[in-house]
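File shown: query09.txt. Contents: compact mmCIF, C-alpha atoms.
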```
# COMPACT_ATOMS: atom_id res chain seq x y z
CA MET A 1 97.27 193.43 32.75
CA ARG A 2 93.51 193.54 33.05
CA SER A 3 93.47 197.33 33.01
CA ASP A 4 95.69 197.28 29.92
CA ASN A 5 93.22 194.96 28.18
CA GLN A 6 90.29 197.18 29.14
CA SER A 7 92.18 200.21 27.86
CA PHE A 8 92.78 198.39 24.59
CA LEU A 9 89.09 197.56 24.26
CA TRP A 10 88.04 201.17 24.83
CA ASP A 11 90.78 202.80 22.74
CA PRO A 12 89.45 203.87 19.31
CA PRO A 13 91.01 202.08 16.33
CA LYS A 14 93.49 204.05 14.23
CA TYR A 15 91.57 203.27 11.06
CA PHE A 16 88.60 201.36 9.66
CA ILE A 17 88.49 199.00 6.70
CA LEU A 18 85.59 199.78 4.36
CA LEU A 19 84.57 196.54 2.67
CA GLY A 20 82.40 198.07 -0.06
CA ILE A 21 82.11 195.29 -2.64
CA SER A 22 85.40 193.55 -1.87
CA ASP A 23 83.49 190.27 -1.88
CA ARG A 24 82.46 190.97 -5.49
CA PRO A 25 85.71 192.07 -7.17
CA TRP A 26 84.19 191.70 -10.63
CA LEU A 27 81.80 194.55 -9.80
CA GLU A 28 84.47 197.05 -8.74
CA LEU A 29 85.43 198.35 -12.20
CA PRO A 30 81.85 198.81 -13.52
CA LEU A 31 80.81 200.46 -10.25
CA PHE A 32 83.91 202.66 -10.28
CA VAL A 33 82.98 203.91 -13.77
CA VAL A 34 79.32 204.46 -12.80
CA LEU A 35 80.29 206.38 -9.66
CA LEU A 36 82.90 208.48 -11.46
CA VAL A 37 80.48 209.45 -14.25
CA SER A 38 77.69 210.09 -11.72
CA TYR A 39 79.98 212.26 -9.60
CA ILE A 40 81.05 214.35 -12.61
CA LEU A 41 77.41 214.77 -13.68
CA ALA A 42 76.38 215.67 -10.11
CA MET A 43 79.13 218.29 -9.91
CA LEU A 44 78.29 219.81 -13.30
CA GLY A 45 74.52 219.72 -12.77
CA ASN A 46 74.48 221.17 -9.27
CA ILE A 47 77.12 223.82 -10.01
CA SER A 48 75.05 224.86 -13.04
CA ILE A 49 71.91 225.22 -10.90
CA ILE A 50 73.81 227.31 -8.33
CA LEU A 51 75.32 229.57 -11.00
CA VAL A 52 72.09 230.26 -12.86
CA SER A 53 70.21 230.83 -9.59
CA TRP A 54 72.74 233.48 -8.53
CA LEU A 55 73.61 235.06 -11.87
CA ASP A 56 70.22 235.24 -13.58
CA ALA A 57 68.03 238.07 -12.25
CA GLN A 58 64.86 236.20 -13.24
CA LEU A 59 65.70 233.39 -10.80
CA HIS A 60 66.02 235.49 -7.66
CA SER A 61 62.66 234.28 -6.35
CA PRO A 62 62.29 232.25 -3.12
CA MET A 63 61.90 228.98 -5.00
CA TYR A 64 65.34 229.33 -6.57
CA ILE A 65 66.94 230.46 -3.30
CA PHE A 66 65.89 227.11 -1.84
CA LEU A 67 66.88 225.28 -5.04
CA SER A 68 70.38 226.75 -4.97
CA HIS A 69 70.81 225.61 -1.35
CA LEU A 70 69.50 222.16 -2.28
CA SER A 71 72.07 221.97 -5.08
CA PHE A 72 74.84 223.11 -2.73
CA LEU A 73 73.78 220.42 -0.25
CA ASP A 74 73.87 217.76 -2.99
CA LEU A 75 77.27 219.03 -4.10
CA CYS A 76 78.66 218.67 -0.57
CA TYR A 77 76.80 215.38 -0.06
CA THR A 78 78.54 213.68 -2.96
CA THR A 79 81.94 215.25 -2.22
CA THR A 80 81.80 213.97 1.36
CA THR A 81 81.61 210.34 0.28
CA VAL A 82 82.31 209.66 -3.40
CA PRO A 83 86.02 210.67 -3.64
CA GLN A 84 86.76 208.38 -0.68
CA ILE A 85 84.82 205.52 -2.31
CA LEU A 86 86.63 206.00 -5.63
CA ALA A 87 90.03 206.16 -3.91
CA ASN A 88 89.32 202.91 -2.04
CA MET A 89 88.11 201.16 -5.18
CA GLY A 90 91.34 202.07 -6.93
CA SER A 91 93.49 200.86 -4.06
CA SER A 92 94.22 197.56 -2.37
CA ARG A 93 94.05 199.30 1.04
CA LYS A 94 90.41 200.19 1.53
CA THR A 95 90.88 202.17 4.72
CA ILE A 96 89.83 205.44 6.32
CA SER A 97 91.34 206.96 9.45
CA TYR A 98 89.30 207.14 12.64
CA GLY A 99 89.30 210.94 12.48
CA GLY A 100 88.38 210.93 8.78
CA CYS A 101 85.55 208.52 9.50
CA THR A 102 84.20 210.74 12.29
CA VAL A 103 84.31 213.83 10.08
CA GLN A 104 82.62 211.93 7.26
CA TYR A 105 79.60 210.73 9.20
CA ALA A 106 79.33 214.07 11.02
CA ILE A 107 79.11 216.03 7.75
CA PHE A 108 76.94 213.38 6.11
CA HIS A 109 74.29 213.57 8.84
CA TRP A 110 74.50 217.35 9.01
CA LEU A 111 73.79 217.65 5.29
CA GLY A 112 71.10 214.97 5.31
CA CYS A 113 69.03 216.57 8.07
CA THR A 114 69.51 220.02 6.55
CA GLU A 115 68.17 218.74 3.24
CA CYS A 116 65.05 217.36 4.96
CA ILE A 117 64.15 220.85 6.19
CA VAL A 118 65.08 222.58 2.92
CA LEU A 119 62.73 220.22 1.05
CA ALA A 120 59.96 221.11 3.53
CA ALA A 121 60.65 224.83 2.99
CA MET A 122 60.34 224.29 -0.78
CA ALA A 123 56.97 222.61 -0.25
CA LEU A 124 55.85 225.61 1.82
CA ASP A 125 56.94 227.90 -1.00
CA ARG A 126 54.88 225.92 -3.53
CA TYR A 127 51.87 225.94 -1.19
CA VAL A 128 51.94 229.74 -0.85
CA ALA A 129 52.55 230.21 -4.60
CA ILE A 130 49.51 228.12 -5.58
CA CYS A 131 47.09 228.58 -2.66
CA GLU A 132 47.91 232.23 -1.82
CA PRO A 133 49.19 233.69 -5.12
CA LEU A 134 48.14 237.28 -4.39
CA ARG A 135 49.96 237.28 -1.04
CA TYR A 136 52.99 235.30 -2.23
CA ALA A 137 55.39 238.27 -2.35
CA ILE A 138 54.27 239.43 1.09
CA ILE A 139 54.51 236.03 2.79
CA MET A 140 57.60 234.56 1.09
CA HIS A 141 59.81 237.62 1.45
CA ARG A 142 63.58 237.27 1.23
CA PRO A 143 64.32 237.61 4.99
CA LEU A 144 61.88 234.75 5.72
CA CYS A 145 63.58 232.54 3.13
CA GLN A 146 66.98 233.31 4.64
CA GLN A 147 65.66 232.52 8.12
CA LEU A 148 64.23 229.17 6.94
CA VAL A 149 67.54 228.27 5.33
CA ALA A 150 69.44 229.28 8.49
CA VAL A 151 67.12 227.13 10.63
CA ALA A 152 67.72 224.20 8.27
CA TRP A 153 71.52 224.46 8.48
CA LEU A 154 71.60 225.05 12.25
CA SER A 155 69.13 222.24 13.00
CA GLY A 156 71.08 219.82 10.85
CA PHE A 157 74.29 220.81 12.65
CA GLY A 158 72.67 220.31 16.06
CA ASN A 159 71.50 216.82 15.10
CA SER A 160 74.93 215.93 13.77
CA LEU A 161 76.63 217.21 16.92
CA VAL A 162 74.46 215.00 19.15
CA GLN A 163 75.12 211.95 16.95
CA VAL A 164 78.88 212.55 16.92
CA VAL A 165 79.11 213.04 20.71
CA LEU A 166 77.31 209.73 21.30
CA THR A 167 79.06 207.76 18.56
CA VAL A 168 82.66 208.71 19.46
CA GLN A 169 82.09 207.26 22.94
CA LEU A 170 81.34 203.78 21.57
CA PRO A 171 84.03 201.12 22.06
CA PHE A 172 84.83 198.80 19.16
CA CYS A 173 86.95 196.16 20.96
CA GLY A 174 89.45 196.02 18.15
CA ARG A 175 86.80 195.70 15.44
CA GLN A 176 87.81 197.64 12.34
CA ILE A 177 85.85 196.18 9.42
CA LEU A 178 82.87 198.27 8.29
CA ASN A 179 80.59 196.53 5.81
CA ASN A 180 79.86 199.77 4.00
CA PHE A 181 81.17 202.11 1.30
CA PHE A 182 81.65 204.99 3.74
CA CYS A 183 81.22 205.83 7.42
CA GLU A 184 77.66 206.22 8.63
CA VAL A 185 76.19 206.29 12.14
CA PRO A 186 74.04 203.10 11.83
CA ALA A 187 77.07 201.15 10.60
CA MET A 188 79.19 202.50 13.47
CA ILE A 189 76.53 201.52 16.02
CA LYS A 190 76.32 198.05 14.48
CA LEU A 191 80.11 197.66 14.73
CA SER A 192 80.32 198.58 18.42
CA CYS A 193 80.80 195.89 21.04
CA ALA A 194 78.97 197.81 23.81
CA ASP A 195 75.32 198.26 24.70
CA THR A 196 74.03 200.71 22.09
CA ALA A 197 70.49 201.18 23.40
CA VAL A 198 71.03 204.91 24.06
CA ASN A 199 72.53 205.40 20.59
CA ASP A 200 69.75 203.43 18.91
CA THR A 201 67.02 205.34 20.75
CA THR A 202 68.60 208.75 20.16
CA LEU A 203 69.14 208.01 16.47
CA ALA A 204 65.54 206.81 16.08
CA VAL A 205 64.06 209.85 17.88
CA LEU A 206 66.18 212.44 16.04
CA VAL A 207 65.72 210.84 12.64
CA ALA A 208 61.98 210.50 13.22
CA PHE A 209 61.87 214.20 14.05
CA PHE A 210 64.01 215.33 11.13
CA VAL A 211 62.46 212.93 8.60
CA LEU A 212 58.84 212.39 9.60
CA VAL A 213 57.98 215.94 10.72
CA PRO A 214 59.25 217.61 7.49
CA LEU A 215 57.65 214.81 5.45
CA ALA A 216 54.33 215.34 7.21
CA LEU A 217 54.53 219.08 6.44
CA ILE A 218 55.34 218.30 2.79
CA LEU A 219 52.39 215.91 2.47
CA LEU A 220 50.08 218.39 4.21
CA SER A 221 51.22 221.18 1.87
CA TYR A 222 50.61 219.06 -1.19
CA GLY A 223 47.21 217.99 0.14
CA PHE A 224 46.17 221.67 0.20
CA ILE A 225 47.83 222.21 -3.19
CA ALA A 226 45.94 219.30 -4.75
CA ARG A 227 42.65 220.63 -3.38
CA ALA A 228 43.39 224.11 -4.74
CA VAL A 229 44.46 222.80 -8.16
CA LEU A 230 41.33 220.67 -8.56
CA ARG A 231 39.26 223.83 -8.12
CA ILE A 232 40.93 225.44 -11.13
CA GLN A 233 38.47 225.41 -14.01
CA SER A 234 40.84 225.24 -16.97
CA SER A 235 42.84 222.07 -17.65
CA LYS A 236 45.74 224.25 -18.81
CA GLY A 237 45.85 225.96 -15.42
CA GLN A 238 45.75 222.60 -13.64
CA HIS A 239 48.55 221.23 -15.81
CA LYS A 240 50.71 224.29 -15.15
CA ALA A 241 50.13 224.09 -11.38
CA PHE A 242 50.91 220.39 -11.21
CA GLY A 243 53.95 220.94 -13.43
CA THR A 244 55.49 223.37 -10.94
CA CYS A 245 55.17 220.78 -8.17
CA SER A 246 55.97 217.50 -9.93
CA SER A 247 59.75 218.02 -9.94
CA HIS A 248 59.78 218.68 -6.21
CA LEU A 249 57.61 215.62 -5.51
CA VAL A 250 59.98 213.38 -7.50
CA VAL A 251 62.99 214.75 -5.57
CA VAL A 252 61.18 214.29 -2.24
CA SER A 253 60.39 210.67 -3.14
CA LEU A 254 63.98 209.91 -4.19
CA PHE A 255 65.32 211.39 -0.95
CA TYR A 256 62.79 210.33 1.67
CA LEU A 257 61.97 206.74 0.66
CA PRO A 258 65.56 205.42 1.03
CA ALA A 259 66.05 207.50 4.21
CA ILE A 260 62.89 206.08 5.80
CA TYR A 261 63.92 202.51 4.93
CA MET A 262 67.46 203.10 6.16
CA TYR A 263 66.88 204.90 9.44
CA LEU A 264 63.35 204.14 10.60
CA GLN A 265 63.63 200.39 11.02
CA PRO A 266 64.41 198.51 14.27
CA PRO A 267 68.17 198.09 14.85
CA SER A 268 67.72 194.33 15.08
CA SER A 269 66.44 194.19 11.50
CA TYR A 270 69.13 196.50 10.06
CA SER A 271 70.95 194.71 7.25
CA GLN A 272 74.38 196.13 6.45
CA GLU A 273 74.38 194.36 3.09
CA GLN A 274 71.21 196.13 1.97
CA GLY A 275 72.00 199.31 3.88
CA LYS A 276 75.28 199.99 2.13
CA PHE A 277 73.67 199.91 -1.33
CA ILE A 278 70.77 202.11 -0.19
CA SER A 279 73.32 204.54 1.28
CA LEU A 280 75.12 204.54 -2.04
CA PHE A 281 71.85 205.35 -3.82
CA TYR A 282 70.94 208.44 -1.80
CA SER A 283 74.53 209.66 -1.50
CA ILE A 284 75.27 209.72 -5.27
CA ILE A 285 72.30 208.74 -7.47
CA THR A 286 69.79 211.16 -5.93
CA PRO A 287 72.15 214.20 -5.99
CA THR A 288 73.02 213.34 -9.61
CA LEU A 289 69.38 213.17 -10.71
CA ASN A 290 68.10 216.24 -8.83
CA PRO A 291 69.49 218.97 -11.13
CA PHE A 292 68.31 217.12 -14.23
CA ILE A 293 64.83 216.61 -12.77
CA TYR A 294 64.51 220.33 -12.06
CA THR A 295 66.07 221.40 -15.36
CA LEU A 296 64.13 219.11 -17.69
CA ARG A 297 60.75 220.12 -16.26
CA ASN A 298 61.43 223.79 -15.60
CA LYS A 299 61.27 226.32 -18.42
CA ASP A 300 62.71 229.10 -16.26
CA VAL A 301 65.86 227.11 -15.44
CA LYS A 302 66.29 225.96 -19.05
CA GLY A 303 65.90 229.55 -20.25
CA ALA A 304 68.40 230.78 -17.65
CA LEU A 305 70.91 228.11 -18.69
CA ARG A 306 70.57 229.15 -22.33
CA ARG A 307 71.12 232.80 -21.41
CA LEU A 308 74.14 231.90 -19.26
CA LEU A 309 75.67 229.81 -22.05
CA ALA A 310 75.03 232.57 -24.58
CA ARG A 311 76.80 235.08 -22.32
CA ALA A 312 79.69 232.66 -21.85
CA TRP A 313 80.13 232.18 -25.60
CA ASN A 314 79.67 235.87 -26.37
CA PRO A 315 81.16 237.78 -23.44
CA CYS A 316 81.22 241.07 -25.34
CA ARG A 317 77.56 240.87 -26.26
CA ARG A 318 75.16 242.62 -23.91
```
Can I see the file as structure tokens?
Amino acid sequence: MRSDNQSFLWDPPKYFILLGISDRPWLELPLFVVLLVSYILAMLGNISIILVSWLDAQLHSPMYIFLSHLSFLDLCYTTTTVPQILANMGSSRKTISYGGCTVQYAIFHWLGCTECIVLAAMALDRYVAICEPLRYAIIMHRPLCQQLVAVAWLSGFGNSLVQVVLTVQLPFCGRQILNNFFCEVPAMIKLSCADTAVNDTTLAVLVAFFVLVPLALILLSYGFIARAVLRIQSSKGQHKAFGTCSSHLVVVSLFYLPAIYMYLQPPSSYSQEQGKFISLFYSIITPTLNPFIYTLRNKDVKGALRRLLARAWNPCRR
């Protein structure tokens, strides 16, 4: 009997219950509408960025290679979580299978860490463009950009693999209720009934590496950029240089600030109530805003969108 009870404690649950905002039923409909509209806008905005980056010959520079990957990441980011959230909000059974939960947090962490490195690569691109303009084409050649993107995807996958291997070994002792909108590693660690010191330490070390190291490189790049821009004599030149970087800085802030708050705090102080809304912010709001931030402040992207729309409306016109 004792061995049966131990087996029960260590057996993974068949499904998890995602609470979301079940304790605030009056919020479900407004939030459902906000998420649905945000998801549609995120899909349209990021698909548009990807299309113009690939179809317009004037956007085949390194900056737009990275931007198209960033948009693809945001597209996958939202699709990994939002459809599940919307389905649960429209249903009385707010559940996700154990396997579905594992796949969700595996992909979520893969994409998140990949985006950290892609954002750092974009900062490097801006540094070379402004501080080494005459050598830009030599330094930021296409093979290098492809290698940076490959490193980003493979590094993110490696981090996710480690997190998944450690998390699937956690026992839950029959606990099934996740106080979150979707499955995420910190919430899974919090739910476990075992000693999670190894998981907590590994998560902290890996996240510190994938968040703080790229962020330090971004800040260092922009420190050199700011110094170079301040040396420009004309105010028009300064404005143009800062304009090319401001969109990226806004996106970096929207992505990194919630991630730092969410993952770089002691496990004892982790609040699931706050954490689930912060997770919701960087899983849907940030990917929705990114394409609009880049489009509204980028003449090249706006011009490419106009050309793409003109070709779509007049397919016979060359």
Can you write out as JSON lines which residues of region 15-96 of chain A fall within 10 Å of region 144-160 of chain A, alongside each residue's closest atom pair and its distance in Å to one decimal, counting all atoms listed in the file and ordering rows by chain and ascending residue number?
```
{"residue": "A:Ser61", "atom": "CA", "partner": "A:Cys145", "partner_atom": "CA", "distance": 9.7}
{"residue": "A:Pro62", "atom": "CA", "partner": "A:Cys145", "partner_atom": "CA", "distance": 6.4}
{"residue": "A:Met63", "atom": "CA", "partner": "A:Cys145", "partner_atom": "CA", "distance": 9.0}
{"residue": "A:Ile65", "atom": "CA", "partner": "A:Cys145", "partner_atom": "CA", "distance": 7.5}
{"residue": "A:Phe66", "atom": "CA", "partner": "A:Val149", "partner_atom": "CA", "distance": 7.4}
{"residue": "A:His69", "atom": "CA", "partner": "A:Val149", "partner_atom": "CA", "distance": 7.9}
{"residue": "A:Leu70", "atom": "CA", "partner": "A:Val149", "partner_atom": "CA", "distance": 10.0}
{"residue": "A:Leu73", "atom": "CA", "partner": "A:Trp153", "partner_atom": "CA", "distance": 9.9}
```
Any chance you could export the current selection's C-alpha atoms as a PDB file, keeping the file's coordinate frame?
```pdb
ATOM      1  CA  SER A  61      62.660 234.280  -6.350  1.00  0.00           C
ATOM      2  CA  PRO A  62      62.290 232.250  -3.120  1.00  0.00           C
ATOM      3  CA  MET A  63      61.900 228.980  -5.000  1.00  0.00           C
ATOM      4  CA  ILE A  65      66.940 230.460  -3.300  1.00  0.00           C
ATOM      5  CA  PHE A  66      65.890 227.110  -1.840  1.00  0.00           C
ATOM      6  CA  HIS A  69      70.810 225.610  -1.350  1.00  0.00           C
ATOM      7  CA  LEU A  70      69.500 222.160  -2.280  1.00  0.00           C
ATOM      8  CA  LEU A  73      73.780 220.420  -0.250  1.00  0.00           C
TER       9      LEU A  73
END
```
Spatial neighbours of Lys14 (chain A), max dist 10 Å, all atoms listed in the file, sep filter under 6 positions, as a PDB file with C-alpha atoms, keeping the file's coordinate frame:
```pdb
ATOM      1  CA  ILE A  96      89.830 205.440   6.320  1.00  0.00           C
ATOM      2  CA  SER A  97      91.340 206.960   9.450  1.00  0.00           C
ATOM      3  CA  TYR A  98      89.300 207.140  12.640  1.00  0.00           C
ATOM      4  CA  GLY A  99      89.300 210.940  12.480  1.00  0.00           C
ATOM      5  CA  GLY A 174      89.450 196.020  18.150  1.00  0.00           C
ATOM      6  CA  GLN A 176      87.810 197.640  12.340  1.00  0.00           C
TER       7      GLN A 176
END
```
How many Å separate CA of Leu212 (chain A) from CA of Ser283 (chain A)?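 Computing it gives 19.4 Å between the two atoms.
Distances here use only C-alpha atoms; by that measure, the residue among A:Met188, A:Leu55, A:Leu75, A:Ile85 closest to Pro12 (chain A) is A:Met188.
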As an mmCIF file with C-alpha atoms, keeping the file's coordinate frame, please: the residues near region 258-265 of chain A (cut-off 9 Å, only C-alpha atoms, same-chain neighbours under 3 positions excluded).
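The result, written out as part_25.cif:
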```
data_model
loop_
_atom_site.group_PDB
_atom_site.id
_atom_site.type_symbol
_atom_site.label_atom_id
_atom_site.label_comp_id
_atom_site.auth_asym_id
_atom_site.auth_seq_id
_atom_site.Cartn_x
_atom_site.Cartn_y
_atom_site.Cartn_z
ATOM 1 C CA PRO A 186 74.040 203.100 11.830
ATOM 2 C CA LEU A 203 69.140 208.010 16.470
ATOM 3 C CA ALA A 204 65.540 206.810 16.080
ATOM 4 C CA VAL A 207 65.720 210.840 12.640
ATOM 5 C CA ALA A 208 61.980 210.500 13.220
ATOM 6 C CA VAL A 211 62.460 212.930 8.600
ATOM 7 C CA LEU A 212 58.840 212.390 9.600
ATOM 8 C CA SER A 253 60.390 210.670 -3.140
ATOM 9 C CA LEU A 254 63.980 209.910 -4.190
ATOM 10 C CA PHE A 255 65.320 211.390 -0.950
ATOM 11 C CA SER A 268 67.720 194.330 15.080
ATOM 12 C CA SER A 269 66.440 194.190 11.500
ATOM 13 C CA TYR A 270 69.130 196.500 10.060
ATOM 14 C CA GLN A 274 71.210 196.130 1.970
ATOM 15 C CA GLY A 275 72.000 199.310 3.880
ATOM 16 C CA ILE A 278 70.770 202.110 -0.190
ATOM 17 C CA SER A 279 73.320 204.540 1.280
ATOM 18 C CA PHE A 281 71.850 205.350 -3.820
ATOM 19 C CA TYR A 282 70.940 208.440 -1.800
#
```
Correct to one decimal, the distance CA of Leu215 (chain A)-CA of Pro133 (chain A) is 23.2 Å
Which residue out of A:Met43, A:Ile177, A:Leu257, A:Leu309 has the minimum interatomic distance to Leu19 (chain A) when all atoms listed in the file are used?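 That would be A:Ile177, the residue with the smallest distance to Leu19 (chain A).
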When distances are computed from all atoms listed in the file, which of A:Ala121, A:Pro143, A:Ala304, A:Val213 shows the smallest separation from His248 (chain A)?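 Ranking A:Ala121, A:Pro143, A:Ala304, A:Val213 by distance to His248 (chain A), first place goes to A:Ala121.
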I'd like to know which of A:Ser235, A:Ser247, A:Thr114, A:Gln84 is closest to Phe210 (chain A), using only C-alpha atoms. A:Thr114
Figure out the distance between CA of Thr295 (chain A) and CA of Phe277 (chain A), please, to one decimal in Å.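 For CA of Phe277 (chain A) relative to CA of Thr295 (chain A), the distance reads 26.8 Å.
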Within 12 Å of (79.2, 207.5, 15.9) (coordinates as in the file), grab all the protein and nucleic acid residues, counting only C-alpha atoms, and write them out as a PyMOL selection string. chain A and resi 12+98-99+101-109+160-172+183-192+196+198-200+202-203
Export of the given selection (C-alpha atoms) as a compact mmCIF listing (two decimals), in the frame of the given file:
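And here is the file that came out, part.txt:
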```
# COMPACT_ATOMS: atom_id res chain seq x y z
CA PRO A 12 89.45 203.87 19.31
CA TYR A 98 89.30 207.14 12.64
CA GLY A 99 89.30 210.94 12.48
CA CYS A 101 85.55 208.52 9.50
CA THR A 102 84.20 210.74 12.29
CA VAL A 103 84.31 213.83 10.08
CA GLN A 104 82.62 211.93 7.26
CA TYR A 105 79.60 210.73 9.20
CA ALA A 106 79.33 214.07 11.02
CA ILE A 107 79.11 216.03 7.75
CA PHE A 108 76.94 213.38 6.11
CA HIS A 109 74.29 213.57 8.84
CA SER A 160 74.93 215.93 13.77
CA LEU A 161 76.63 217.21 16.92
CA VAL A 162 74.46 215.00 19.15
CA GLN A 163 75.12 211.95 16.95
CA VAL A 164 78.88 212.55 16.92
CA VAL A 165 79.11 213.04 20.71
CA LEU A 166 77.31 209.73 21.30
CA THR A 167 79.06 207.76 18.56
CA VAL A 168 82.66 208.71 19.46
CA GLN A 169 82.09 207.26 22.94
CA LEU A 170 81.34 203.78 21.57
CA PRO A 171 84.03 201.12 22.06
CA PHE A 172 84.83 198.80 19.16
CA CYS A 183 81.22 205.83 7.42
CA GLU A 184 77.66 206.22 8.63
CA VAL A 185 76.19 206.29 12.14
CA PRO A 186 74.04 203.10 11.83
CA ALA A 187 77.07 201.15 10.60
CA MET A 188 79.19 202.50 13.47
CA ILE A 189 76.53 201.52 16.02
CA LYS A 190 76.32 198.05 14.48
CA LEU A 191 80.11 197.66 14.73
CA SER A 192 80.32 198.58 18.42
CA THR A 196 74.03 200.71 22.09
CA VAL A 198 71.03 204.91 24.06
CA ASN A 199 72.53 205.40 20.59
CA ASP A 200 69.75 203.43 18.91
CA THR A 202 68.60 208.75 20.16
CA LEU A 203 69.14 208.01 16.47
```
Env of Ala120 (chain A): 7 Å cut, atoms = all atoms listed in the file, seq-sep filter 4 positions within chain, self excluded. Answer as a list in words.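 My reading of the contact set: Cys116, Leu124, Pro214, Leu215, Leu217 and Ile218 of chain A.
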The residue from A:Asn180, A:Ser234, A:Asn290, A:Ser246 with the smallest atom-to-atom distance to Lys276 (chain A), counting all atoms listed in the file, is A:Asn180
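Counting all atoms listed in the file, the residue from A:Val34, A:Leu230, A:Val251, A:Leu178 that sits nearest to Val82 (chain A) is A:Val34.
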Polymer residues at most 8 Å from Ser38 (chain A), only C-alpha atoms, same-chain spacing of 4 or more positions, as a PDB file with C-alpha atoms, in the frame of the given file:
```pdb
ATOM      1  CA  VAL A  34      79.320 204.460 -12.800  1.00  0.00           C
ATOM      2  CA  ALA A  42      76.380 215.670 -10.110  1.00  0.00           C
ATOM      3  CA  ILE A 284      75.270 209.720  -5.270  1.00  0.00           C
ATOM      4  CA  ILE A 285      72.300 208.740  -7.470  1.00  0.00           C
ATOM      5  CA  THR A 288      73.020 213.340  -9.610  1.00  0.00           C
TER       6      THR A 288
END
```
